[in-house]
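> I'd like to ask some things about the structure below.
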Amino acid sequence: MRTLRLPMVGVVTLALLGGLSVAVVAQDEGEAPSATHVTGTQLSSSSMTAEPVEWEDGDVHYWRGVQTERTVEWSDPRLPSRFLKDANANWHVLGDGAVGAFAVAVRLVGEDGDWAGTEYALMAPESSVGLYVLTGSGAYEGLWAMLEGSLVVDADGNPVVDADNAVMSIFDGYIFESELPRMPDPIAPHAE
């Protein structure tokens, strides 16, 4: 039997947040893990949108319907390499740079099944990160994935682009064999 121990910081945090009922989880050696670490590297990207909708309002630039198709090489064969995105973005001009906020519909298309979900991303001069939450269908029914996507940058911090001038991305996260946790109800306003 293999034992998973929570790090002390996690145990203390859980205890502070309302008590800790179980600090150790056991798993039989013969069972497959319920969470599998995955990584991915974008190999190519192409635009599927002839003309996205764009407009400006003051120092905010809006883009809607920016559709791309990527090819991603994954460390786990359950994630198909065909990666479709339909993005909406708001770019806020700040001095010499800009900060972008993205809401994206995502689908990984495979022969045995698909993965669909969302990405919310922030692109800023200091860093950029996207958080993907995907649920599986077909052969991947009952699985979900949470992935962090980030840009590939050179030694000077500049984004690396592919042959089609598309910014390259890498991915890191997990495939889970469980139910996706339900978002709690909104927290009620503080009554005075």
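In the structure tokens, each chain is lettered A, B, ... as it comes, each chain's residues begin at 1, and ligands are numbered from 1 in order of appearance.
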For A:Ser169, list every protein, DNA or RNA residue within 8 Å, evaluated using only C-alpha atoms, and leave out those in the same chain fewer than 5 positions away; present the list as a ChimeraX atom specification.

/A:41-42,149-152

> How would the residues just chosen look if you wrote them out with C-alpha atoms as a PDB file, in the first residue's frame?


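The file below, out.pdb, is the result:
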```pdb
ATOM      1  CA  THR A  41       4.460  21.530 -25.929  1.00  0.00           C
ATOM      2  CA  GLN A  42       2.888  23.449 -28.784  1.00  0.00           C
ATOM      3  CA  GLY A 149      -0.512  27.243 -20.006  1.00  0.00           C
ATOM      4  CA  SER A 150       2.355  29.673 -20.317  1.00  0.00           C
ATOM      5  CA  LEU A 151       4.327  31.291 -23.092  1.00  0.00           C
ATOM      6  CA  VAL A 152       7.750  30.093 -24.137  1.00  0.00           C
TER       7      VAL A 152
END
```

> Report as a tab-separated table the residues of stretch 59-105 of chain A within 12 Å of stretch 138-147 of chain A, each with its shortest atom pair and distance in Å (one decimal), using only C-alpha atoms, ordered by chain and increasing residue number.


```
residue	atom	partner	partner_atom	distance
A:Trp74	CA	A:Leu147	CA	11.6
A:Asp76	CA	A:Ala145	CA	11.5
A:Pro77	CA	A:Tyr140	CA	11.0
A:Arg78	CA	A:Tyr140	CA	7.3
A:Leu79	CA	A:Tyr140	CA	9.0
A:Pro80	CA	A:Tyr140	CA	10.6
```

> Using only C-alpha atoms, please write the residues we just selected to a file, as a compact mmCIF listing (two decimals), in the first residue's frame.


```txt
# COMPACT_ATOMS: atom_id res chain seq x y z
CA TRP A 74 1.31 15.76 -24.81
CA ASP A 76 -0.19 11.52 -21.94
CA PRO A 77 -1.85 9.96 -25.03
CA ARG A 78 -5.33 10.61 -23.59
CA LEU A 79 -4.97 14.28 -24.56
CA PRO A 80 -5.37 14.61 -28.37
```

> Would you kindly return, as a PDB file with N, CA and C atoms, in the first residue's frame, each protein, DNA or RNA residue with an atom no farther than 10 Å from any atom of A:Ser44, considering only C-alpha atoms and excluding same-chain residues fewer than 2 positions away?


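Heads up, here's the output in result35.pdb:
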```pdb
ATOM      1  N   THR A  41       3.695  20.523 -25.212  1.00  0.00           N
ATOM      2  CA  THR A  41       4.460  21.530 -25.929  1.00  0.00           C
ATOM      3  C   THR A  41       3.772  21.801 -27.255  1.00  0.00           C
ATOM      4  N   GLN A  42       3.494  23.066 -27.519  1.00  0.00           N
ATOM      5  CA  GLN A  42       2.888  23.449 -28.784  1.00  0.00           C
ATOM      6  C   GLN A  42       3.898  23.248 -29.899  1.00  0.00           C
ATOM      7  N   SER A  46      -2.128  27.848 -36.144  1.00  0.00           N
ATOM      8  CA  SER A  46      -2.588  28.578 -37.322  1.00  0.00           C
ATOM      9  C   SER A  46      -3.912  29.245 -37.010  1.00  0.00           C
ATOM     10  N   GLU A  69      -6.110  27.030 -34.391  1.00  0.00           N
ATOM     11  CA  GLU A  69      -5.911  25.587 -34.277  1.00  0.00           C
ATOM     12  C   GLU A  69      -4.437  25.359 -34.006  1.00  0.00           C
ATOM     13  N   ARG A  70      -4.169  24.605 -32.949  1.00  0.00           N
ATOM     14  CA  ARG A  70      -2.801  24.293 -32.573  1.00  0.00           C
ATOM     15  C   ARG A  70      -2.582  22.789 -32.664  1.00  0.00           C
ATOM     16  N   THR A  71      -1.318  22.428 -32.755  1.00  0.00           N
ATOM     17  CA  THR A  71      -0.920  21.035 -32.580  1.00  0.00           C
ATOM     18  C   THR A  71      -0.041  21.009 -31.340  1.00  0.00           C
ATOM     19  N   VAL A  72      -0.437  20.178 -30.366  1.00  0.00           N
ATOM     20  CA  VAL A  72       0.288  20.089 -29.106  1.00  0.00           C
ATOM     21  C   VAL A  72       0.731  18.645 -28.893  1.00  0.00           C
ATOM     22  N   GLU A  73       1.987  18.466 -28.526  1.00  0.00           N
ATOM     23  CA  GLU A  73       2.500  17.143 -28.175  1.00  0.00           C
ATOM     24  C   GLU A  73       2.378  16.996 -26.659  1.00  0.00           C
ATOM     25  N   VAL A 161       8.330  32.641 -31.085  1.00  0.00           N
ATOM     26  CA  VAL A 161       7.297  32.391 -32.089  1.00  0.00           C
ATOM     27  C   VAL A 161       7.719  31.245 -33.004  1.00  0.00           C
ATOM     28  N   ASP A 162       6.701  30.589 -33.597  1.00  0.00           N
ATOM     29  CA  ASP A 162       6.984  29.489 -34.526  1.00  0.00           C
ATOM     30  C   ASP A 162       7.136  30.032 -35.943  1.00  0.00           C
ATOM     31  N   ALA A 163       7.224  29.125 -36.930  1.00  0.00           N
ATOM     32  CA  ALA A 163       7.435  29.522 -38.323  1.00  0.00           C
ATOM     33  C   ALA A 163       6.283  30.362 -38.861  1.00  0.00           C
ATOM     34  N   ASP A 164       5.083  30.225 -38.287  1.00  0.00           N
ATOM     35  CA  ASP A 164       3.923  31.008 -38.720  1.00  0.00           C
ATOM     36  C   ASP A 164       3.752  32.285 -37.901  1.00  0.00           C
ATOM     37  N   ASN A 165       4.758  32.649 -37.113  1.00  0.00           N
ATOM     38  CA  ASN A 165       4.760  33.840 -36.261  1.00  0.00           C
ATOM     39  C   ASN A 165       3.737  33.751 -35.126  1.00  0.00           C
ATOM     40  N   ALA A 166       3.361  32.545 -34.724  1.00  0.00           N
ATOM     41  CA  ALA A 166       2.456  32.341 -33.590  1.00  0.00           C
ATOM     42  C   ALA A 166       3.293  32.141 -32.328  1.00  0.00           C
ATOM     43  N   VAL A 167       2.857  32.764 -31.253  1.00  0.00           N
ATOM     44  CA  VAL A 167       3.559  32.654 -29.979  1.00  0.00           C
ATOM     45  C   VAL A 167       3.456  31.212 -29.479  1.00  0.00           C
ATOM     46  N   MET A 168       4.580  30.624 -29.065  1.00  0.00           N
ATOM     47  CA  MET A 168       4.629  29.233 -28.609  1.00  0.00           C
ATOM     48  C   MET A 168       4.207  29.120 -27.141  1.00  0.00           C
ATOM     49  N   SER A 169       3.534  28.020 -26.816  1.00  0.00           N
ATOM     50  CA  SER A 169       3.065  27.780 -25.450  1.00  0.00           C
ATOM     51  C   SER A 169       3.522  26.418 -24.955  1.00  0.00           C
TER      52      SER A 169
END
```

> Nearest to A:Gly40: which of A:Thr135, A:Pro52, A:Ser75, A:Glu179 is it, counting only C-alpha atoms?

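Result for the nearest residue to A:Gly40: A:Ser75.
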
> Using only C-alpha atoms, determine which residues lie at most 10 Å from A:Pro125, disregarding the query and same-chain residues fewer than 6 positions distant; provide the list as a list of chain:residue names.

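Residues near the query, excluding close chain neighbours: A:Leu94, A:Asp96, A:Gly97, A:Ala98, A:Val99, A:Gly100, A:Gly157, A:Asn158.
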
> If you run DSSP on this backbone, which residues of chain A come out as helix (DSSP H, G or I), and could you give them as an MDAnalysis selection string?

chainID A and resid 8:16 138:140

> Among stretch 14-169 of chain A, which ones does DSSP place in strand (DSSP E or B), written as a PyMOL selection string?

chain A and resi 24-27+35-47+53-57+60-74+82-94+97-109+114-123+128-136+144-151+153+159+161+167+169
